[in-house]
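A.B. asks: I'm passing along start-v2.txt; it holds compact mmCIF, C-alpha atoms.
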```txt
# COMPACT_ATOMS: atom_id res chain seq x y z
CA MET A 1 -21.94 74.93 -53.96
CA ARG A 2 -19.25 72.50 -54.97
CA HIS A 3 -19.36 68.75 -54.29
CA LEU A 4 -21.61 69.46 -51.30
CA SER A 5 -22.58 66.44 -49.20
CA PHE A 6 -24.10 66.07 -45.75
CA SER A 7 -24.80 63.09 -43.50
CA TYR A 8 -26.45 62.67 -40.12
CA GLY A 9 -24.14 60.00 -38.74
CA THR A 10 -24.19 57.19 -41.30
CA HIS A 11 -27.36 58.48 -42.99
CA GLU A 12 -26.45 60.39 -46.15
CA VAL A 13 -28.96 63.19 -46.80
CA LEU A 14 -27.25 65.18 -49.58
CA LYS A 15 -24.74 63.81 -52.08
CA ASP A 16 -22.23 65.65 -54.29
CA ILE A 17 -24.30 68.76 -55.09
CA ASP A 18 -23.01 71.43 -57.45
CA LEU A 19 -25.07 74.60 -57.87
CA ASP A 20 -24.51 78.21 -58.89
CA ILE A 21 -27.07 80.84 -57.83
CA TYR A 22 -26.89 84.19 -59.59
CA LYS A 23 -27.81 87.74 -58.66
CA GLY A 24 -31.54 88.28 -59.15
CA ASP A 25 -32.41 84.57 -59.25
CA TYR A 26 -35.70 83.40 -57.78
CA LEU A 27 -34.90 79.75 -57.13
CA ALA A 28 -37.48 77.24 -55.89
CA ILE A 29 -36.16 74.21 -54.01
CA ILE A 30 -38.71 71.40 -54.12
CA GLY A 31 -38.66 67.69 -53.39
CA PRO A 32 -40.17 64.94 -51.24
CA ASN A 33 -40.26 64.95 -47.46
CA GLY A 34 -36.90 63.69 -46.23
CA GLY A 35 -35.26 64.51 -49.55
CA GLY A 36 -32.87 67.07 -48.04
CA LYS A 37 -34.58 70.44 -48.72
CA THR A 38 -34.46 71.61 -45.11
CA THR A 39 -30.91 70.33 -44.64
CA LEU A 40 -29.78 72.27 -47.71
CA MET A 41 -31.43 75.42 -46.35
CA LYS A 42 -29.69 74.98 -42.97
CA LEU A 43 -26.35 74.60 -44.74
CA LEU A 44 -26.98 77.87 -46.62
CA LEU A 45 -27.77 79.60 -43.32
CA GLY A 46 -24.66 78.24 -41.60
CA LEU A 47 -26.70 76.22 -39.10
CA LEU A 48 -25.05 73.01 -40.30
CA THR A 49 -21.53 72.31 -41.59
CA PRO A 50 -21.05 70.22 -44.76
CA THR A 51 -19.73 66.71 -44.37
CA ALA A 52 -17.87 67.27 -47.64
CA GLY A 53 -17.56 70.03 -50.22
CA GLU A 54 -18.15 73.72 -49.66
CA ILE A 55 -20.49 76.68 -50.04
CA ARG A 56 -19.17 80.13 -50.98
CA ILE A 57 -21.39 83.21 -50.88
CA PHE A 58 -20.02 86.38 -52.48
CA GLY A 59 -16.67 84.59 -52.43
CA LYS A 60 -16.82 84.16 -48.65
CA SER A 61 -17.68 81.39 -46.22
CA VAL A 62 -21.30 81.12 -45.11
CA LEU A 63 -20.45 82.44 -41.64
CA GLU A 64 -18.69 85.47 -43.12
CA ALA A 65 -21.52 86.21 -45.57
CA ARG A 66 -24.65 85.45 -43.56
CA ARG A 67 -25.15 89.02 -42.41
CA GLN A 68 -26.16 89.65 -46.02
CA ILE A 69 -28.80 86.93 -45.87
CA GLY A 70 -32.36 87.52 -44.68
CA TYR A 71 -34.34 84.53 -43.44
CA LEU A 72 -38.10 84.05 -43.39
CA PRO A 73 -39.06 81.10 -41.18
CA GLN A 74 -42.37 79.30 -41.19
CA TYR A 75 -44.63 81.35 -38.95
CA ILE A 76 -45.96 78.12 -37.43
CA ASN A 77 -42.50 77.73 -35.83
CA PHE A 78 -42.67 81.22 -34.35
CA ASN A 79 -43.34 81.68 -30.61
CA MET A 80 -46.81 83.22 -30.47
CA ASP A 81 -46.49 83.91 -26.73
CA MET A 82 -43.78 86.53 -27.18
CA PRO A 83 -45.06 89.66 -25.35
CA ILE A 84 -43.66 92.11 -27.91
CA ASN A 85 -45.47 93.97 -30.64
CA VAL A 86 -45.05 93.99 -34.42
CA SER A 87 -42.70 96.98 -34.40
CA ASP A 88 -40.38 95.24 -31.91
CA ILE A 89 -40.30 92.08 -34.01
CA VAL A 90 -39.38 93.98 -37.18
CA LEU A 91 -36.66 95.84 -35.28
CA GLN A 92 -35.05 92.49 -34.47
CA GLY A 93 -33.87 92.47 -38.07
CA ARG A 94 -31.47 95.28 -37.15
CA LEU A 95 -29.77 93.32 -34.36
CA THR A 96 -26.13 92.32 -34.63
CA PRO A 97 -23.86 90.69 -32.02
CA GLU A 98 -22.12 94.05 -31.48
CA LYS A 99 -25.25 96.19 -31.16
CA LEU A 100 -26.75 96.89 -27.72
CA PHE A 101 -29.24 99.61 -28.67
CA TYR A 102 -31.31 100.55 -31.69
CA SER A 103 -30.37 103.76 -33.46
CA ARG A 104 -32.68 106.26 -35.10
CA LYS A 105 -31.60 104.79 -38.45
CA ASP A 106 -32.63 101.32 -37.27
CA ARG A 107 -36.09 102.58 -36.34
CA ASP A 108 -36.47 104.45 -39.63
CA ILE A 109 -35.53 101.32 -41.61
CA ALA A 110 -37.95 99.18 -39.60
CA THR A 111 -40.72 101.70 -40.23
CA ALA A 112 -39.93 101.76 -43.96
CA LYS A 113 -40.11 97.95 -44.16
CA MET A 114 -43.44 97.86 -42.30
CA GLU A 115 -44.76 100.39 -44.80
CA GLN A 116 -43.37 98.32 -47.70
CA MET A 117 -45.16 95.22 -46.36
CA ARG A 118 -48.32 97.26 -45.70
CA ILE A 119 -48.39 96.46 -41.96
CA ILE A 120 -47.59 99.88 -40.50
CA HIS A 121 -51.14 100.05 -39.10
CA LEU A 122 -50.38 96.87 -37.11
CA LYS A 123 -47.17 98.08 -35.47
CA HIS A 124 -48.60 98.12 -31.93
CA ARG A 125 -50.39 94.75 -32.26
CA LYS A 126 -49.12 91.48 -30.73
CA ILE A 127 -48.11 88.68 -33.12
CA ARG A 128 -50.74 86.30 -31.73
CA GLU A 129 -53.47 88.77 -32.67
CA LEU A 130 -52.69 88.61 -36.38
CA SER A 131 -53.81 86.35 -39.21
CA GLY A 132 -51.39 83.92 -40.83
CA GLY A 133 -50.83 86.20 -43.81
CA GLN A 134 -50.22 89.21 -41.55
CA ARG A 135 -47.71 87.26 -39.47
CA GLN A 136 -45.76 86.30 -42.58
CA ARG A 137 -45.67 89.96 -43.63
CA VAL A 138 -44.26 90.84 -40.20
CA LEU A 139 -41.53 88.20 -40.46
CA LEU A 140 -40.77 89.26 -44.04
CA ALA A 141 -40.45 92.88 -42.89
CA ARG A 142 -38.04 91.70 -40.18
CA ALA A 143 -35.93 89.84 -42.77
CA LEU A 144 -35.92 92.91 -45.04
CA ALA A 145 -34.95 95.23 -42.18
CA LYS A 146 -31.58 93.48 -42.27
CA GLU A 147 -31.18 94.98 -45.78
CA PRO A 148 -30.04 91.62 -47.17
CA ARG A 149 -28.80 90.80 -50.64
CA ILE A 150 -30.27 87.29 -50.44
CA LEU A 151 -33.58 86.09 -48.98
CA ILE A 152 -34.06 82.47 -47.90
CA LEU A 153 -37.73 81.58 -47.46
CA ASP A 154 -38.87 78.45 -45.62
CA GLU A 155 -42.36 77.33 -46.69
CA PRO A 156 -43.61 80.95 -46.67
CA THR A 157 -47.23 80.02 -47.40
CA ALA A 158 -47.57 77.00 -45.09
CA SER A 159 -50.88 76.99 -43.14
CA ILE A 160 -52.03 80.25 -44.75
CA ASP A 161 -55.41 80.57 -46.48
CA PRO A 162 -55.48 80.89 -50.30
CA ASP A 163 -55.99 84.68 -50.27
CA GLY A 164 -53.06 85.09 -47.88
CA GLN A 165 -50.91 82.87 -50.10
CA LYS A 166 -51.62 85.04 -53.14
CA GLU A 167 -50.63 88.15 -51.19
CA ILE A 168 -47.35 86.63 -49.98
CA TYR A 169 -46.42 85.37 -53.46
CA ALA A 170 -47.19 88.80 -54.95
CA LEU A 171 -44.99 90.51 -52.35
CA LEU A 172 -42.14 88.08 -52.91
CA LYS A 173 -42.33 88.51 -56.69
CA SER A 174 -41.95 92.28 -56.29
CA LEU A 175 -38.76 92.11 -54.20
CA PRO A 176 -35.45 92.73 -56.03
CA GLN A 177 -33.28 90.51 -53.81
CA THR A 178 -31.98 87.14 -54.91
CA LYS A 179 -34.55 84.73 -53.49
CA ILE A 180 -34.35 81.05 -52.53
CA ILE A 181 -37.69 79.52 -51.58
CA VAL A 182 -37.96 76.07 -50.01
CA SER A 183 -41.43 74.62 -50.50
CA HIS A 184 -43.45 71.43 -50.80
CA ASP A 185 -46.17 73.46 -52.58
CA ILE A 186 -45.91 72.92 -56.36
CA GLN A 187 -47.95 76.11 -56.81
CA VAL A 188 -44.73 78.04 -56.17
CA LEU A 189 -43.60 77.13 -59.68
CA PHE A 190 -46.31 79.41 -61.08
CA GLU A 191 -45.44 82.39 -58.90
CA GLY A 192 -42.49 84.00 -60.66
CA VAL A 193 -39.59 81.62 -59.96
CA ASN A 194 -37.08 81.44 -62.81
CA ARG A 195 -35.21 78.29 -61.75
CA VAL A 196 -36.20 75.06 -60.01
CA ALA A 197 -33.98 72.69 -58.03
CA HIS A 198 -35.49 69.28 -57.32
CA VAL A 199 -33.70 67.80 -54.27
CA ASN A 200 -33.88 64.15 -53.34
CA LYS A 201 -30.40 63.43 -51.94
CA GLN A 202 -29.00 64.66 -55.24
CA LEU A 203 -29.96 67.93 -56.90
CA TYR A 204 -31.46 68.30 -60.36
CA LEU A 205 -31.57 71.85 -61.71
CA HIS A 206 -34.05 73.20 -64.24
CA ASP A 207 -33.45 76.62 -65.82
CA ASN A 208 -36.27 78.80 -67.14
CA ILE A 209 -38.78 75.97 -67.07
CA ASP A 210 -42.11 76.69 -68.77
CA THR A 211 -44.93 75.30 -66.65
CA THR A 212 -47.73 77.30 -68.25
CA PHE A 213 -48.71 74.34 -70.45
CA LYS A 214 -49.98 72.55 -67.35
CA ARG A 215 -52.52 75.26 -66.51
CA LYS A 216 -56.07 74.68 -67.60
CA GLU A 217 -58.65 76.99 -66.07
CA GLY A 218 -56.37 77.36 -63.05
CA HIS A 219 -55.86 73.63 -62.47
CA PHE A 220 -52.96 71.27 -63.07
CA CYS A 221 -51.88 67.75 -62.21
CA GLU A 222 -49.00 67.79 -59.71
CA MET A 223 -47.75 64.31 -60.61
CA GLU A 224 -47.67 65.13 -64.34
CA LEU A 225 -45.83 68.37 -63.58
CA LEU A 226 -43.22 66.61 -61.44
CA ASP A 227 -42.71 64.00 -64.16
CA TYR A 228 -42.19 66.83 -66.66
CA ILE A 229 -39.69 68.60 -64.40
CA LYS A 230 -37.69 65.41 -63.93
CA SER A 231 -37.49 64.73 -67.67
CA HIS A 232 -36.91 68.17 -69.27
CA SER A 233 -33.90 70.51 -69.36
CA CYS A 234 -32.36 68.68 -66.44
CA SER A 235 -28.79 69.04 -65.22
CA ASN A 236 -27.19 67.99 -61.96
```
Please express what this file holds, its structure, as structure tokens.

C.D. replies:
Amino acid sequence: MRHLSFSYGTHEVLKDIDLDIYKGDYLAIIGPNGGGKTTLMKLLLGLLTPTAGEIRIFGKSVLEARRQIGYLPQYINFNMDMPINVSDIVLQGRLTPEKLFYSRKDRDIATAKMEQMRIIHLKHRKIRELSGGQRQRVLLARALAKEPRILILDEPTASIDPDGQKEIYALLKSLPQTKIIVSHDIQVLFEGVNRVAHVNKQLYLHDNIDTTFKRKEGHFCEMELLDYIKSHSCSN
């Protein structure tokens, strides 16, 4: 991203952002509500166009490169009334504008991703019949079925119980793709991310931040941690 800015009308949401994301990064994007996290994610997905500046992905425009991007939405935004089963949802990851039918290869890849996410036993179940953690595994399998080089994850543990959150974080940590996770949950900083971008109109980047000092018997103070992030190893 170079000199990236975005405004809704006269309301400036993002201002003059520069950021390089490297192969294998696990980047957490955090910040306050209304700070621009979701807008930045939509710009990366090509759902919005910058007001100024540009984004290049693999040297290409976002629209040219987005077939190499997998997206995991919040499951709470997913239509639970869809009358299709888990296998059909995962297969959606193989869709392209030019493709009218699924091939045998598509079905094999979808099966492999369901096995990878340990949901193959759920393949005939409807999405509304699953727990929050199971639904996120289904949507993650769909994103992986695209065979992406980059994963963009929107609040992947929102409204999931603590055990389900641990499972999702463990799965994400094991994936080799470059990962960008947008979250309001400070816990994400302890789950394997190697870089942190704090977004509040402007972007402040923190490389290889050590947050282990804030752990004490599994607890930490979120405000102290945010103060530390804002004041250490910061570049914009």

A.B. asks: Can you build me a table of region 80-119 of chain A residues sitting at most 10 Å from region 128-137 of chain A, with the closest atom pair per residue and its distance in Å to one decimal, using all atoms listed in the file, sorted by chain and residue number, as a tab-separated table?

C.D. replies:
```
residue	atom	partner	partner_atom	distance
A:Met80	CA	A:Arg128	CA	5.1
A:Asp81	CA	A:Arg128	CA	7.0
A:Met82	CA	A:Arg128	CA	8.3
A:Pro83	CA	A:Arg128	CA	9.2
A:Ile84	CA	A:Arg128	CA	9.9
A:Asn85	CA	A:Arg128	CA	9.4
A:Val86	CA	A:Arg135	CA	8.8
A:Val90	CA	A:Arg137	CA	9.9
A:Lys113	CA	A:Arg137	CA	9.7
A:Met114	CA	A:Arg137	CA	8.3
A:Gln116	CA	A:Arg137	CA	9.6
A:Met117	CA	A:Arg137	CA	5.9
A:Arg118	CA	A:Arg137	CA	8.0
A:Ile119	CA	A:Arg137	CA	7.2
```

A.B. asks: Choose the residue, out of A:Leu203, A:Met41, A:Ile180, A:Leu48, that has the smallest atom-to-atom separation from Lys15 (chain A); count only C-alpha atoms.

C.D. replies: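 For Lys15 (chain A), the nearest of the candidates is A:Leu203.
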
A.B. asks: What separation in Å, quoted to one decimal, exists between CA of Phe58 (chain A) and CA of Pro148 (chain A)?

C.D. replies: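 Distance reported for this atom pair: 12.5 Å.
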
A.B. asks: So which one's closest to Ala141 (chain A), A:Ile160, A:Leu14, A:Leu44, A:Leu172? Using all atoms listed in the file, please.

C.D. replies: A:Leu172

A.B. asks: Take CA of Ile89 (chain A) and CA of Lys105 (chain A) and report the distance between them in Å, one decimal.

C.D. replies: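 Separation between CA of Ile89 (chain A) and CA of Lys105 (chain A): 16.0 Å.
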
A.B. asks: Please list as a short mmCIF file (atom, residue, chain, number, x, y, z; two decimals) with C-alpha atoms, in the frame of the given file every residue within 12 Å of Tyr8 (chain A), counting all atoms listed in the file and excluding residues in the same chain fewer than 6 positions away.

C.D. replies:
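The new file result02.cif reads:
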```
data_model
loop_
_atom_site.label_atom_id
_atom_site.label_comp_id
_atom_site.auth_asym_id
_atom_site.auth_seq_id
_atom_site.Cartn_x
_atom_site.Cartn_y
_atom_site.Cartn_z
CA LEU A 14 -27.25 65.18 -49.58
CA GLY A 36 -32.87 67.07 -48.04
CA THR A 39 -30.91 70.33 -44.64
CA LEU A 48 -25.05 73.01 -40.30
CA THR A 49 -21.53 72.31 -41.59
CA PRO A 50 -21.05 70.22 -44.76
CA THR A 51 -19.73 66.71 -44.37
#
```

A.B. asks: Report, in Å to a single decimal, how far apart CA of Ser87 (chain A) and CA of Ile181 (chain A) are.

C.D. replies: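 Between these atoms lies a distance of 25.0 Å.
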
A.B. asks: Just the residues within 10 Å of Ala28 (chain A), please, counting all atoms listed in the file, with nothing from its chain fewer than 5 positions along; format it as a VMD selection string.

C.D. replies: chain A and resid 153 179 to 184 186 188 to 189 191 to 198 205 to 206

A.B. asks: Would you please work out which residue, of A:Ser61, A:Gln177, A:Ser103, A:Gln92, is nearest to Gly46 (chain A) when using all atoms listed in the file?

C.D. replies: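 Using all atoms listed in the file, Gly46 (chain A) sits closest to A:Ser61.
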
A.B. asks: Measuring between only C-alpha atoms, which one of A:Leu27, A:Leu72, A:Ala170, A:Ala143 shows the shortest distance to Glu155 (chain A)?

C.D. replies: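 Of A:Leu27, A:Leu72, A:Ala170, A:Ala143, the one nearest Glu155 (chain A), counting only C-alpha atoms, is A:Leu72.
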
A.B. asks: With distances taken over all atoms listed in the file, which of A:Leu40, A:Val13, A:Ile69, A:Leu4 is nearest to Ala52 (chain A)?

C.D. replies: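 Looking at the shortest contact to Ala52 (chain A), the residue is A:Leu4.
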
A.B. asks: Calculated over only C-alpha atoms, which of the candidates A:Val199, A:Leu140, A:Ile57, A:Ile21 has the smallest distance to Lys37 (chain A)?

C.D. replies: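 Of the candidates, the smallest distance to Lys37 (chain A) is held by A:Val199.
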
A.B. asks: Given 4 Å of margin on each side, can you work out the centre and size in Å (one decimal) of an axis-aligned box holding every listed atom of region 57-67 of chain A, as JSON?

C.D. replies:
```
{"center_x": -20.9, "center_y": 85.1, "center_z": -47.1, "size_x": 16.5, "size_y": 15.9, "size_z": 18.8}
```
